[in-house]
file coords25.cif (mmCIF, N, CA and C atoms)
data_upload
loop_
_atom_site.label_atom_id
_atom_site.label_comp_id
_atom_site.auth_asym_id
_atom_site.auth_seq_id
_atom_site.Cartn_x
_atom_site.Cartn_y
_atom_site.Cartn_z
N MET A 487 -11.92 -10.42 -3.64
CA MET A 487 -11.31 -11.50 -2.88
C MET A 487 -11.27 -11.08 -1.41
N LYS A 488 -11.46 -12.03 -0.55
CA LYS A 488 -11.45 -11.79 0.88
C LYS A 488 -10.50 -12.79 1.52
N LYS A 489 -9.68 -12.30 2.47
CA LYS A 489 -8.72 -13.18 3.13
C LYS A 489 -8.43 -12.67 4.53
N ILE A 490 -8.21 -13.60 5.46
CA ILE A 490 -7.78 -13.27 6.81
C ILE A 490 -6.30 -13.62 6.92
N ILE A 491 -5.48 -12.62 7.29
CA ILE A 491 -4.04 -12.82 7.43
C ILE A 491 -3.62 -12.28 8.79
N ARG A 492 -3.00 -13.13 9.59
CA ARG A 492 -2.56 -12.77 10.94
C ARG A 492 -3.67 -12.08 11.74
N GLY A 493 -4.89 -12.62 11.62
CA GLY A 493 -6.02 -12.13 12.39
C GLY A 493 -6.66 -10.85 11.86
N LYS A 494 -6.22 -10.38 10.69
CA LYS A 494 -6.79 -9.17 10.09
C LYS A 494 -7.49 -9.53 8.80
N LYS A 495 -8.61 -8.86 8.54
CA LYS A 495 -9.40 -9.12 7.33
C LYS A 495 -8.98 -8.17 6.21
N TYR A 496 -8.79 -8.72 5.03
CA TYR A 496 -8.47 -7.97 3.82
C TYR A 496 -9.54 -8.32 2.79
N ASP A 497 -10.27 -7.31 2.31
CA ASP A 497 -11.40 -7.56 1.42
C ASP A 497 -11.38 -6.52 0.30
N THR A 498 -11.24 -6.98 -0.93
CA THR A 498 -11.19 -6.06 -2.07
C THR A 498 -12.54 -5.39 -2.33
N ASP A 499 -13.62 -5.97 -1.81
CA ASP A 499 -14.95 -5.38 -2.01
C ASP A 499 -15.21 -4.19 -1.09
N THR A 500 -14.54 -4.15 0.06
CA THR A 500 -14.81 -3.07 1.01
C THR A 500 -13.67 -2.05 1.09
N ALA A 501 -12.50 -2.38 0.60
CA ALA A 501 -11.36 -1.46 0.63
C ALA A 501 -11.40 -0.55 -0.60
N GLU A 502 -10.63 0.54 -0.51
CA GLU A 502 -10.55 1.51 -1.61
C GLU A 502 -9.41 1.14 -2.56
N LEU A 503 -9.72 0.99 -3.84
CA LEU A 503 -8.70 0.74 -4.85
C LEU A 503 -7.97 2.06 -5.11
N VAL A 504 -6.64 2.07 -4.90
CA VAL A 504 -5.89 3.32 -5.03
C VAL A 504 -4.81 3.28 -6.12
N GLY A 505 -4.51 2.11 -6.66
CA GLY A 505 -3.51 2.01 -7.71
C GLY A 505 -3.60 0.67 -8.41
N GLU A 506 -3.13 0.64 -9.67
CA GLU A 506 -3.23 -0.60 -10.45
C GLU A 506 -2.07 -0.71 -11.42
N TYR A 507 -1.61 -1.94 -11.62
CA TYR A 507 -0.57 -2.25 -12.60
C TYR A 507 -1.01 -3.51 -13.35
N GLN A 508 -0.86 -3.49 -14.67
CA GLN A 508 -1.21 -4.67 -15.46
C GLN A 508 -0.13 -4.92 -16.50
N TYR A 509 0.20 -6.20 -16.66
CA TYR A 509 1.14 -6.61 -17.69
C TYR A 509 0.45 -7.67 -18.54
N SER A 510 0.51 -7.52 -19.84
CA SER A 510 -0.08 -8.45 -20.79
C SER A 510 -1.61 -8.42 -20.70
N TYR A 511 -2.27 -9.50 -21.16
CA TYR A 511 -3.72 -9.53 -21.23
C TYR A 511 -4.25 -10.79 -20.56
N PRO A 512 -5.45 -10.71 -19.97
CA PRO A 512 -6.04 -11.91 -19.36
C PRO A 512 -6.06 -13.06 -20.36
N GLY A 513 -5.75 -14.24 -19.87
CA GLY A 513 -5.70 -15.42 -20.74
C GLY A 513 -4.30 -15.73 -21.23
N GLN A 514 -3.40 -14.74 -21.21
CA GLN A 514 -2.02 -14.96 -21.62
C GLN A 514 -1.24 -15.58 -20.45
N PHE A 515 -0.28 -16.42 -20.74
CA PHE A 515 0.48 -17.10 -19.69
C PHE A 515 1.20 -16.11 -18.77
N GLU A 516 1.72 -15.02 -19.32
CA GLU A 516 2.50 -14.07 -18.53
C GLU A 516 1.65 -12.95 -17.91
N TYR A 517 0.35 -13.00 -18.12
CA TYR A 517 -0.55 -11.96 -17.59
C TYR A 517 -0.36 -11.77 -16.09
N CYS A 518 -0.34 -10.49 -15.68
CA CYS A 518 -0.20 -10.15 -14.26
C CYS A 518 -1.00 -8.87 -14.00
N LEU A 519 -1.81 -8.89 -12.98
CA LEU A 519 -2.56 -7.72 -12.54
C LEU A 519 -2.31 -7.55 -11.05
N GLU A 520 -1.92 -6.32 -10.66
CA GLU A 520 -1.77 -6.00 -9.24
C GLU A 520 -2.60 -4.76 -8.95
N GLU A 521 -3.35 -4.82 -7.86
CA GLU A 521 -4.17 -3.70 -7.43
C GLU A 521 -3.80 -3.37 -5.99
N LEU A 522 -3.53 -2.09 -5.73
CA LEU A 522 -3.22 -1.64 -4.38
C LEU A 522 -4.49 -1.11 -3.75
N TYR A 523 -4.79 -1.60 -2.55
CA TYR A 523 -5.98 -1.19 -1.82
C TYR A 523 -5.59 -0.56 -0.50
N ARG A 524 -6.47 0.34 -0.02
CA ARG A 524 -6.31 0.93 1.32
C ARG A 524 -7.59 0.64 2.10
N LYS A 525 -7.40 0.06 3.28
CA LYS A 525 -8.52 -0.25 4.16
C LYS A 525 -8.99 1.02 4.88
N ARG A 526 -10.16 0.96 5.50
CA ARG A 526 -10.67 2.09 6.29
C ARG A 526 -9.68 2.49 7.38
N THR A 527 -8.91 1.53 7.87
CA THR A 527 -7.92 1.79 8.94
C THR A 527 -6.67 2.48 8.42
N GLY A 528 -6.55 2.62 7.10
CA GLY A 528 -5.36 3.23 6.51
C GLY A 528 -4.32 2.22 6.08
N GLU A 529 -4.52 0.95 6.43
CA GLU A 529 -3.57 -0.10 6.05
C GLU A 529 -3.67 -0.37 4.55
N PHE A 530 -2.54 -0.74 3.96
CA PHE A 530 -2.48 -1.05 2.54
C PHE A 530 -2.32 -2.55 2.34
N PHE A 531 -2.88 -3.04 1.23
CA PHE A 531 -2.62 -4.41 0.82
C PHE A 531 -2.67 -4.50 -0.69
N LEU A 532 -2.00 -5.52 -1.20
CA LEU A 532 -1.90 -5.74 -2.63
C LEU A 532 -2.68 -6.99 -3.00
N TYR A 533 -3.57 -6.85 -3.98
CA TYR A 533 -4.24 -8.00 -4.56
C TYR A 533 -3.55 -8.27 -5.89
N GLY A 534 -3.13 -9.50 -6.12
CA GLY A 534 -2.48 -9.84 -7.37
C GLY A 534 -3.06 -11.11 -7.96
N THR A 535 -3.10 -11.15 -9.26
CA THR A 535 -3.54 -12.34 -9.97
C THR A 535 -2.71 -12.45 -11.24
N GLY A 536 -2.53 -13.68 -11.71
CA GLY A 536 -1.73 -13.83 -12.92
C GLY A 536 -1.77 -15.23 -13.48
N GLY A 537 -1.20 -15.35 -14.65
CA GLY A 537 -1.15 -16.62 -15.36
C GLY A 537 -0.01 -17.51 -14.89
N PRO A 538 0.14 -18.66 -15.54
CA PRO A 538 1.14 -19.65 -15.11
C PRO A 538 2.59 -19.22 -15.30
N LEU A 539 2.85 -18.13 -16.02
CA LEU A 539 4.22 -17.61 -16.15
C LEU A 539 4.41 -16.31 -15.36
N SER A 540 3.45 -15.98 -14.51
CA SER A 540 3.56 -14.77 -13.70
C SER A 540 4.07 -15.12 -12.31
N LYS A 541 4.33 -14.09 -11.51
CA LYS A 541 4.77 -14.35 -10.14
C LYS A 541 3.66 -14.90 -9.26
N TYR A 542 2.44 -14.94 -9.78
CA TYR A 542 1.31 -15.48 -9.02
C TYR A 542 0.99 -16.93 -9.38
N ARG A 543 1.88 -17.56 -10.10
CA ARG A 543 1.66 -18.96 -10.48
C ARG A 543 1.73 -19.87 -9.26
N GLU A 544 1.11 -21.02 -9.39
CA GLU A 544 1.23 -22.03 -8.35
C GLU A 544 1.42 -23.39 -9.00
N THR A 545 2.13 -24.27 -8.30
CA THR A 545 2.42 -25.60 -8.81
C THR A 545 1.16 -26.46 -8.74
N THR A 546 0.89 -27.17 -9.83
CA THR A 546 -0.24 -28.10 -9.85
C THR A 546 0.23 -29.53 -10.05
N GLY A 547 1.50 -29.71 -10.22
CA GLY A 547 2.10 -31.03 -10.42
C GLY A 547 3.56 -30.85 -10.78
N GLN A 548 4.21 -31.96 -11.08
CA GLN A 548 5.62 -31.88 -11.44
C GLN A 548 5.76 -31.15 -12.77
N ASN A 549 6.45 -30.01 -12.74
CA ASN A 549 6.64 -29.16 -13.92
C ASN A 549 5.32 -28.68 -14.51
N GLU A 550 4.30 -28.53 -13.67
CA GLU A 550 3.01 -28.03 -14.12
C GLU A 550 2.64 -26.83 -13.27
N TRP A 551 2.16 -25.79 -13.95
CA TRP A 551 1.84 -24.55 -13.26
C TRP A 551 0.46 -24.07 -13.68
N SER A 552 -0.15 -23.30 -12.80
CA SER A 552 -1.45 -22.70 -13.07
C SER A 552 -1.41 -21.26 -12.59
N GLY A 553 -2.30 -20.44 -13.12
CA GLY A 553 -2.43 -19.09 -12.62
C GLY A 553 -3.08 -19.12 -11.25
N SER A 554 -2.95 -18.04 -10.52
CA SER A 554 -3.51 -17.97 -9.18
C SER A 554 -3.70 -16.52 -8.79
N GLU A 555 -4.14 -16.29 -7.54
CA GLU A 555 -4.31 -14.95 -7.00
C GLU A 555 -3.87 -14.95 -5.55
N ALA A 556 -3.56 -13.75 -5.03
CA ALA A 556 -3.09 -13.64 -3.65
C ALA A 556 -3.35 -12.24 -3.12
N ILE A 557 -3.41 -12.14 -1.80
CA ILE A 557 -3.47 -10.86 -1.11
C ILE A 557 -2.24 -10.77 -0.22
N THR A 558 -1.55 -9.63 -0.29
CA THR A 558 -0.34 -9.42 0.49
C THR A 558 -0.45 -8.10 1.26
N PRO A 559 -0.45 -8.13 2.59
CA PRO A 559 -0.44 -6.87 3.36
C PRO A 559 0.87 -6.13 3.11
N LEU A 560 0.81 -4.80 3.04
CA LEU A 560 2.00 -3.97 2.83
C LEU A 560 2.11 -2.95 3.95
N ASP A 561 3.32 -2.75 4.45
CA ASP A 561 3.51 -1.65 5.39
C ASP A 561 3.64 -0.36 4.56
N LEU A 562 3.71 0.77 5.25
CA LEU A 562 3.71 2.06 4.55
C LEU A 562 4.89 2.20 3.60
N VAL A 563 6.05 1.75 4.00
CA VAL A 563 7.25 1.85 3.15
C VAL A 563 7.06 1.03 1.87
N ASP A 564 6.58 -0.20 2.00
CA ASP A 564 6.36 -1.04 0.83
C ASP A 564 5.27 -0.48 -0.07
N ALA A 565 4.22 0.09 0.52
CA ALA A 565 3.16 0.71 -0.28
C ALA A 565 3.70 1.89 -1.07
N LYS A 566 4.52 2.72 -0.41
CA LYS A 566 5.12 3.86 -1.12
C LYS A 566 6.01 3.39 -2.27
N ASP A 567 6.82 2.36 -2.01
CA ASP A 567 7.69 1.82 -3.06
C ASP A 567 6.87 1.31 -4.23
N TRP A 568 5.77 0.60 -3.94
CA TRP A 568 4.94 0.04 -5.01
C TRP A 568 4.34 1.18 -5.84
N VAL A 569 3.84 2.22 -5.18
CA VAL A 569 3.23 3.35 -5.90
C VAL A 569 4.28 4.08 -6.72
N GLU A 570 5.47 4.29 -6.17
CA GLU A 570 6.55 4.94 -6.93
C GLU A 570 6.85 4.18 -8.21
N GLU A 571 6.87 2.86 -8.12
CA GLU A 571 7.23 2.02 -9.27
C GLU A 571 6.10 1.87 -10.29
N ASN A 572 4.85 1.91 -9.83
CA ASN A 572 3.74 1.53 -10.71
C ASN A 572 2.71 2.62 -11.00
N CYS A 573 2.82 3.78 -10.36
CA CYS A 573 1.83 4.84 -10.54
C CYS A 573 2.52 6.15 -10.87
N ASP A 574 1.71 7.16 -11.15
CA ASP A 574 2.28 8.47 -11.47
C ASP A 574 2.46 9.31 -10.20
N ALA A 575 3.12 10.45 -10.35
CA ALA A 575 3.42 11.32 -9.21
C ALA A 575 2.15 11.85 -8.55
N GLU A 576 1.13 12.12 -9.35
CA GLU A 576 -0.13 12.62 -8.80
C GLU A 576 -0.76 11.61 -7.83
N THR A 577 -0.74 10.35 -8.20
CA THR A 577 -1.28 9.30 -7.33
C THR A 577 -0.46 9.21 -6.05
N TYR A 578 0.86 9.26 -6.18
CA TYR A 578 1.74 9.19 -5.00
C TYR A 578 1.41 10.32 -4.02
N GLU A 579 1.35 11.55 -4.54
CA GLU A 579 1.12 12.69 -3.66
C GLU A 579 -0.29 12.71 -3.10
N LYS A 580 -1.25 12.17 -3.82
CA LYS A 580 -2.62 12.06 -3.30
C LYS A 580 -2.66 11.13 -2.10
N LEU A 581 -1.88 10.06 -2.16
CA LEU A 581 -1.88 9.07 -1.10
C LEU A 581 -0.99 9.44 0.08
N PHE A 582 0.18 10.01 -0.21
CA PHE A 582 1.21 10.17 0.82
C PHE A 582 1.62 11.62 1.09
N GLY A 583 1.00 12.56 0.40
CA GLY A 583 1.34 13.96 0.61
C GLY A 583 2.32 14.47 -0.42
N VAL A 584 2.38 15.80 -0.52
CA VAL A 584 3.22 16.46 -1.50
C VAL A 584 4.69 16.26 -1.13
N VAL A 585 5.48 15.95 -2.14
CA VAL A 585 6.92 15.75 -1.97
C VAL A 585 7.63 17.05 -2.34
N ASP A 586 8.49 17.53 -1.44
CA ASP A 586 9.25 18.74 -1.71
C ASP A 586 10.18 18.52 -2.89
N ASP A 587 10.35 19.59 -3.70
CA ASP A 587 11.24 19.50 -4.86
C ASP A 587 12.69 19.26 -4.45
N ASP A 588 13.11 19.89 -3.37
CA ASP A 588 14.51 19.75 -2.99
C ASP A 588 14.77 18.46 -2.21
N GLY A 589 13.73 17.83 -1.72
CA GLY A 589 13.89 16.55 -1.03
C GLY A 589 14.67 16.65 0.27
N GLU A 590 14.76 17.85 0.84
CA GLU A 590 15.53 18.04 2.06
C GLU A 590 14.77 17.54 3.26
N LYS A 591 15.02 16.33 3.62
CA LYS A 591 14.40 15.73 4.81
C LYS A 591 15.51 15.28 5.74
N VAL A 592 15.25 15.36 7.03
CA VAL A 592 16.20 14.93 8.03
C VAL A 592 15.56 13.78 8.81
N ILE A 593 16.28 12.71 8.95
CA ILE A 593 15.78 11.58 9.73
C ILE A 593 16.17 11.79 11.18
N THR A 594 15.19 11.68 12.06
CA THR A 594 15.44 11.86 13.49
C THR A 594 14.70 10.77 14.26
N THR A 595 15.16 10.50 15.44
CA THR A 595 14.53 9.50 16.29
C THR A 595 13.95 10.19 17.51
N ILE A 596 12.69 9.87 17.83
CA ILE A 596 12.06 10.41 19.02
C ILE A 596 11.51 9.26 19.86
N SER A 597 11.35 9.54 21.12
CA SER A 597 10.80 8.54 22.03
C SER A 597 9.47 9.05 22.56
N LEU A 598 8.41 8.24 22.41
CA LEU A 598 7.07 8.62 22.87
C LEU A 598 6.54 7.56 23.81
N SER A 599 5.69 7.97 24.72
CA SER A 599 5.01 6.97 25.55
C SER A 599 4.09 6.15 24.66
N LYS A 600 3.80 4.94 25.09
CA LYS A 600 2.96 4.06 24.26
C LYS A 600 1.60 4.69 23.94
N PRO A 601 0.89 5.30 24.92
CA PRO A 601 -0.40 5.91 24.58
C PRO A 601 -0.29 7.03 23.55
N VAL A 602 0.76 7.86 23.67
CA VAL A 602 0.94 8.95 22.71
C VAL A 602 1.31 8.40 21.33
N ALA A 603 2.14 7.38 21.29
CA ALA A 603 2.49 6.75 20.01
C ALA A 603 1.25 6.18 19.34
N GLN A 604 0.35 5.59 20.13
CA GLN A 604 -0.89 5.03 19.57
C GLN A 604 -1.79 6.15 19.06
N MET A 605 -1.84 7.27 19.80
CA MET A 605 -2.65 8.40 19.34
C MET A 605 -2.08 8.97 18.04
N LEU A 606 -0.76 9.07 17.96
CA LEU A 606 -0.12 9.56 16.74
C LEU A 606 -0.45 8.65 15.56
N GLU A 607 -0.33 7.36 15.77
CA GLU A 607 -0.64 6.39 14.72
C GLU A 607 -2.08 6.55 14.24
N GLN A 608 -3.02 6.65 15.17
CA GLN A 608 -4.43 6.76 14.81
C GLN A 608 -4.73 8.07 14.09
N GLN A 609 -4.15 9.18 14.57
CA GLN A 609 -4.38 10.46 13.92
C GLN A 609 -3.82 10.48 12.50
N ALA A 610 -2.67 9.88 12.31
CA ALA A 610 -2.08 9.81 10.96
C ALA A 610 -2.97 8.98 10.04
N ILE A 611 -3.49 7.88 10.56
CA ILE A 611 -4.41 7.05 9.76
C ILE A 611 -5.67 7.83 9.44
N ASP A 612 -6.25 8.48 10.46
CA ASP A 612 -7.48 9.25 10.26
C ASP A 612 -7.32 10.34 9.21
N HIS A 613 -6.13 10.97 9.18
CA HIS A 613 -5.89 12.05 8.22
C HIS A 613 -5.21 11.56 6.94
N ARG A 614 -4.97 10.25 6.90
CA ARG A 614 -4.39 9.59 5.72
C ARG A 614 -3.07 10.23 5.29
N VAL A 615 -2.21 10.43 6.28
CA VAL A 615 -0.87 10.96 6.01
C VAL A 615 0.14 10.16 6.81
N PRO A 616 1.39 10.14 6.40
CA PRO A 616 2.43 9.51 7.21
C PRO A 616 2.57 10.21 8.55
N LYS A 617 3.04 9.49 9.55
CA LYS A 617 3.20 10.07 10.90
C LYS A 617 4.11 11.29 10.87
N SER A 618 5.19 11.22 10.11
CA SER A 618 6.13 12.35 10.07
C SER A 618 5.45 13.61 9.52
N GLU A 619 4.60 13.43 8.52
CA GLU A 619 3.90 14.58 7.95
C GLU A 619 2.91 15.16 8.95
N TRP A 620 2.24 14.30 9.71
CA TRP A 620 1.30 14.76 10.72
C TRP A 620 2.03 15.56 11.82
N ILE A 621 3.17 15.07 12.26
CA ILE A 621 3.95 15.78 13.27
C ILE A 621 4.38 17.15 12.74
N GLU A 622 4.85 17.20 11.47
CA GLU A 622 5.25 18.48 10.87
C GLU A 622 4.10 19.47 10.86
N LYS A 623 2.90 19.01 10.48
CA LYS A 623 1.73 19.89 10.44
C LYS A 623 1.42 20.44 11.83
N LEU A 624 1.50 19.58 12.86
CA LEU A 624 1.21 20.02 14.22
C LEU A 624 2.23 21.05 14.70
N ILE A 625 3.50 20.82 14.41
CA ILE A 625 4.54 21.75 14.83
C ILE A 625 4.40 23.08 14.10
N LYS A 626 4.16 23.03 12.80
CA LYS A 626 3.98 24.28 12.04
C LYS A 626 2.77 25.05 12.54
N LYS A 627 1.69 24.36 12.84
CA LYS A 627 0.48 25.00 13.35
C LYS A 627 0.75 25.67 14.70
N GLU A 628 1.51 25.00 15.55
CA GLU A 628 1.85 25.53 16.88
C GLU A 628 2.69 26.78 16.76
N ASN A 629 3.49 26.90 15.72
CA ASN A 629 4.39 28.05 15.55
C ASN A 629 3.81 29.17 14.70
N GLN A 630 2.56 29.08 14.35
CA GLN A 630 1.94 30.15 13.55
C GLN A 630 1.44 31.27 14.41
#

call {"tool": "encode", "arguments": {"input": "coords25.cif", "output": "structure tokens"}}
result
Amino acid sequence: MKKIIRGKKYDTDTAELVGEYQYSYPGQFEYCLEELYRKRTGEFFLYGTGGPLSKYRETTGQNEWSGSEAITPLDLVDAKDWVEENCDAETYEKLFGVVDDDGEKVITTISLSKPVAQMLEQQAIDHRVPKSEWIEKLIKKENQ
């Protein structure tokens, strides 16, 4: 499926399939299939399809429903949440990096110039890691 949303192209034929969830079987009213894709740019989107009793249903008349399909862009937080809920830990860590056992993370706020923020964003996408993980790697490397 191919779709343009807010001026961006989302295409299941050219993006990388990175996760999948299925409920029931094709042809069943409650059937639901969701596939998580990652574009070359690092952006995530969800392709979903389902029967008339799934969340992908659409109205065809008064009290009449049909199955349908949709593409939904996801930000990094939503993509992580979807993978946590629908995939195994190996898939999560492959996509977003290894999670520490103790989970000791500190949230901090930093201010960057727009060009540096754009460079950080691009480097994180290029290395397929969250921005915070990329910053940690750079700081650790600098202190070695």

call {"tool": "resolve_selection", "arguments": {"input": "coords25.cif", "expression": "the PyMOL selection byres ((chain A and resi 558) around 6)", "output": "PyMOL selection string"}}
result
chain A and resi 530-533+556-557+559-560

call {"tool": "resolve_selection", "arguments": {"input": "coords25.cif", "expression": "the PyMOL selection byres (((chain A and resi 553 and name CA) around 12) and name CA)", "output": "MDAnalysis selection string"}}
result
chainID A and resid 512:519 534:546 550:552 554:556

call {"tool": "closest_residue", "arguments": {"input": "coords25.cif", "among": "A:Lys627, A:Lys600, A:Arg614, A:Lys489", "to": "Arg524 of chain A", "atoms": "only C-alpha atoms"}}
result
A:Arg614

call {"tool": "resolve_selection", "arguments": {"input": "coords25.cif", "expression": "the PyMOL selection byres ((chain A and resi 487) around 5)", "output": "PyMOL selection string"}}
result
chain A and resi 488-489+497-498

call {"tool": "select_by_dssp", "arguments": {"input": "coords25.cif", "residues": "chain A", "states": "helix (DSSP H, G or I)", "output": "VMD selection string"}}
result
chain A and resid 562 to 572 575 to 582 600 to 613 617 to 628

call {"tool": "write_last_selection", "arguments": {"input": "coords25.cif", "atoms": "N, CA and C atoms", "output": "short mmCIF file (atom, residue, chain, number, x, y, z; two decimals), in the coordinates of the input"}}
result
data_model
loop_
_atom_site.label_atom_id
_atom_site.label_comp_id
_atom_site.auth_asym_id
_atom_site.auth_seq_id
_atom_site.Cartn_x
_atom_site.Cartn_y
_atom_site.Cartn_z
N LEU A 562 3.71 0.77 5.25
CA LEU A 562 3.71 2.06 4.55
C LEU A 562 4.89 2.20 3.60
N VAL A 563 6.05 1.75 4.00
CA VAL A 563 7.25 1.85 3.15
C VAL A 563 7.06 1.03 1.87
N ASP A 564 6.58 -0.20 2.00
CA ASP A 564 6.36 -1.04 0.83
C ASP A 564 5.27 -0.48 -0.07
N ALA A 565 4.22 0.09 0.52
CA ALA A 565 3.16 0.71 -0.28
C ALA A 565 3.70 1.89 -1.07
N LYS A 566 4.52 2.72 -0.41
CA LYS A 566 5.12 3.86 -1.12
C LYS A 566 6.01 3.39 -2.27
N ASP A 567 6.82 2.36 -2.01
CA ASP A 567 7.69 1.82 -3.06
C ASP A 567 6.87 1.31 -4.23
N TRP A 568 5.77 0.60 -3.94
CA TRP A 568 4.94 0.04 -5.01
C TRP A 568 4.34 1.18 -5.84
N VAL A 569 3.84 2.22 -5.18
CA VAL A 569 3.23 3.35 -5.90
C VAL A 569 4.28 4.08 -6.72
N GLU A 570 5.47 4.29 -6.17
CA GLU A 570 6.55 4.94 -6.93
C GLU A 570 6.85 4.18 -8.21
N GLU A 571 6.87 2.86 -8.12
CA GLU A 571 7.23 2.02 -9.27
C GLU A 571 6.10 1.87 -10.29
N ASN A 572 4.85 1.91 -9.83
CA ASN A 572 3.74 1.53 -10.71
C ASN A 572 2.71 2.62 -11.00
N ALA A 575 3.12 10.45 -10.35
CA ALA A 575 3.42 11.32 -9.21
C ALA A 575 2.15 11.85 -8.55
N GLU A 576 1.13 12.12 -9.35
CA GLU A 576 -0.13 12.62 -8.80
C GLU A 576 -0.76 11.61 -7.83
N THR A 577 -0.74 10.35 -8.20
CA THR A 577 -1.28 9.30 -7.33
C THR A 577 -0.46 9.21 -6.05
N TYR A 578 0.86 9.26 -6.18
CA TYR A 578 1.74 9.19 -5.00
C TYR A 578 1.41 10.32 -4.02
N GLU A 579 1.35 11.55 -4.54
CA GLU A 579 1.12 12.69 -3.66
C GLU A 579 -0.29 12.71 -3.10
N LYS A 580 -1.25 12.17 -3.82
CA LYS A 580 -2.62 12.06 -3.30
C LYS A 580 -2.66 11.13 -2.10
N LEU A 581 -1.88 10.06 -2.16
CA LEU A 581 -1.88 9.07 -1.10
C LEU A 581 -0.99 9.44 0.08
N PHE A 582 0.18 10.01 -0.21
CA PHE A 582 1.21 10.17 0.82
C PHE A 582 1.62 11.62 1.09
N LYS A 600 3.80 4.94 25.09
CA LYS A 600 2.96 4.06 24.26
C LYS A 600 1.60 4.69 23.94
N PRO A 601 0.89 5.30 24.92
CA PRO A 601 -0.40 5.91 24.58
C PRO A 601 -0.29 7.03 23.55
N VAL A 602 0.76 7.86 23.67
CA VAL A 602 0.94 8.95 22.71
C VAL A 602 1.31 8.40 21.33
N ALA A 603 2.14 7.38 21.29
CA ALA A 603 2.49 6.75 20.01
C ALA A 603 1.25 6.18 19.34
N GLN A 604 0.35 5.59 20.13
CA GLN A 604 -0.89 5.03 19.57
C GLN A 604 -1.79 6.15 19.06
N MET A 605 -1.84 7.27 19.80
CA MET A 605 -2.65 8.40 19.34
C MET A 605 -2.08 8.97 18.04
N LEU A 606 -0.76 9.07 17.96
CA LEU A 606 -0.12 9.56 16.74
C LEU A 606 -0.45 8.65 15.56
N GLU A 607 -0.33 7.36 15.77
CA GLU A 607 -0.64 6.39 14.72
C GLU A 607 -2.08 6.55 14.24
N GLN A 608 -3.02 6.65 15.17
CA GLN A 608 -4.43 6.76 14.81
C GLN A 608 -4.73 8.07 14.09
N GLN A 609 -4.15 9.18 14.57
CA GLN A 609 -4.38 10.46 13.92
C GLN A 609 -3.82 10.48 12.50
N ALA A 610 -2.67 9.88 12.31
CA ALA A 610 -2.08 9.81 10.96
C ALA A 610 -2.97 8.98 10.04
N ILE A 611 -3.49 7.88 10.56
CA ILE A 611 -4.41 7.05 9.76
C ILE A 611 -5.67 7.83 9.44
N ASP A 612 -6.25 8.48 10.46
CA ASP A 612 -7.48 9.25 10.26
C ASP A 612 -7.32 10.34 9.21
N HIS A 613 -6.13 10.97 9.18
CA HIS A 613 -5.89 12.05 8.22
C HIS A 613 -5.21 11.56 6.94
N LYS A 617 3.04 9.49 9.55
CA LYS A 617 3.20 10.07 10.90
C LYS A 617 4.11 11.29 10.87
N SER A 618 5.19 11.22 10.11
CA SER A 618 6.13 12.35 10.07
C SER A 618 5.45 13.61 9.52
N GLU A 619 4.60 13.43 8.52
CA GLU A 619 3.90 14.58 7.95
C GLU A 619 2.91 15.16 8.95
N TRP A 620 2.24 14.30 9.71
CA TRP A 620 1.30 14.76 10.72
C TRP A 620 2.03 15.56 11.82
N ILE A 621 3.17 15.07 12.26
CA ILE A 621 3.95 15.78 13.27
C ILE A 621 4.38 17.15 12.74
N GLU A 622 4.85 17.20 11.47
CA GLU A 622 5.25 18.48 10.87
C GLU A 622 4.10 19.47 10.86
N LYS A 623 2.90 19.01 10.48
CA LYS A 623 1.73 19.89 10.44
C LYS A 623 1.42 20.44 11.83
N LEU A 624 1.50 19.58 12.86
CA LEU A 624 1.21 20.02 14.22
C LEU A 624 2.23 21.05 14.70
N ILE A 625 3.50 20.82 14.41
CA ILE A 625 4.54 21.75 14.83
C ILE A 625 4.40 23.08 14.10
N LYS A 626 4.16 23.03 12.80
CA LYS A 626 3.98 24.28 12.04
C LYS A 626 2.77 25.05 12.54
N LYS A 627 1.69 24.36 12.84
CA LYS A 627 0.48 25.00 13.35
C LYS A 627 0.75 25.67 14.70
N GLU A 628 1.51 25.00 15.55
CA GLU A 628 1.85 25.53 16.88
C GLU A 628 2.69 26.78 16.76
#

call {"tool": "closest_residue", "arguments": {"input": "coords25.cif", "among": "A:Gly493, A:Lys525, A:Glu520, A:Phe582", "to": "Gln508 of chain A", "atoms": "all atoms listed in the file"}}
result
A:Glu520

call {"tool": "select_by_dssp", "arguments": {"input": "coords25.cif", "residues": "segment 508-599 of chain A", "states": "strand (DSSP E)", "output": "VMD selection string"}}
result
chain A and resid 508 to 509 518 to 524 530 to 536 544 to 547 550 to 552 554 to 560

call {"tool": "atom_distance", "arguments": {"input": "coords25.cif", "atom1": "atom CA of Ala603 of chain A", "atom2": "atom CA of Ile490 of chain A"}}
result
26.1 Å

call {"tool": "closest_residue", "arguments": {"input": "coords25.cif", "among": "A:Gln548, A:Arg492, A:Leu562, A:Leu522", "to": "Ile611 of chain A", "atoms": "only C-alpha atoms"}}
result
A:Leu562

call {"tool": "atom_distance", "arguments": {"input": "coords25.cif", "atom1": "atom CA of Ala501 of chain A", "atom2": "atom CA of Arg526 of chain A"}}
result
6.7 Å

call {"tool": "atom_distance", "arguments": {"input": "coords25.cif", "atom1": "atom CA of Tyr511 of chain A", "atom2": "atom CA of Lys566 of chain A"}}
result
25.7 Å

call {"tool": "residues_near_point", "arguments": {"input": "coords25.cif", "point": "(-3.6, 2.8, -9.6)", "cutoff": "8 Å", "atoms": "all atoms listed in the file", "output": "PyMOL selection string"}}
result
chain A and resi 503-507+520-522+569+572-574+577

call {"tool": "residues_near_point", "arguments": {"input": "coords25.cif", "point": "(-5.4, 12.7, 6.9)", "cutoff": "12 Å", "atoms": "only C-alpha atoms", "output": "list in words"}}
result
Arg526, Thr527, Gly528, Lys580, Leu581, Phe582, Gly583, Leu606, Glu607, Gln608, Gln609, Ala610, Ile611, Asp612, His613, Arg614, Val615, Pro616, Lys617, Ser618, Glu619, Trp620, Ile621 and Lys623 of chain A
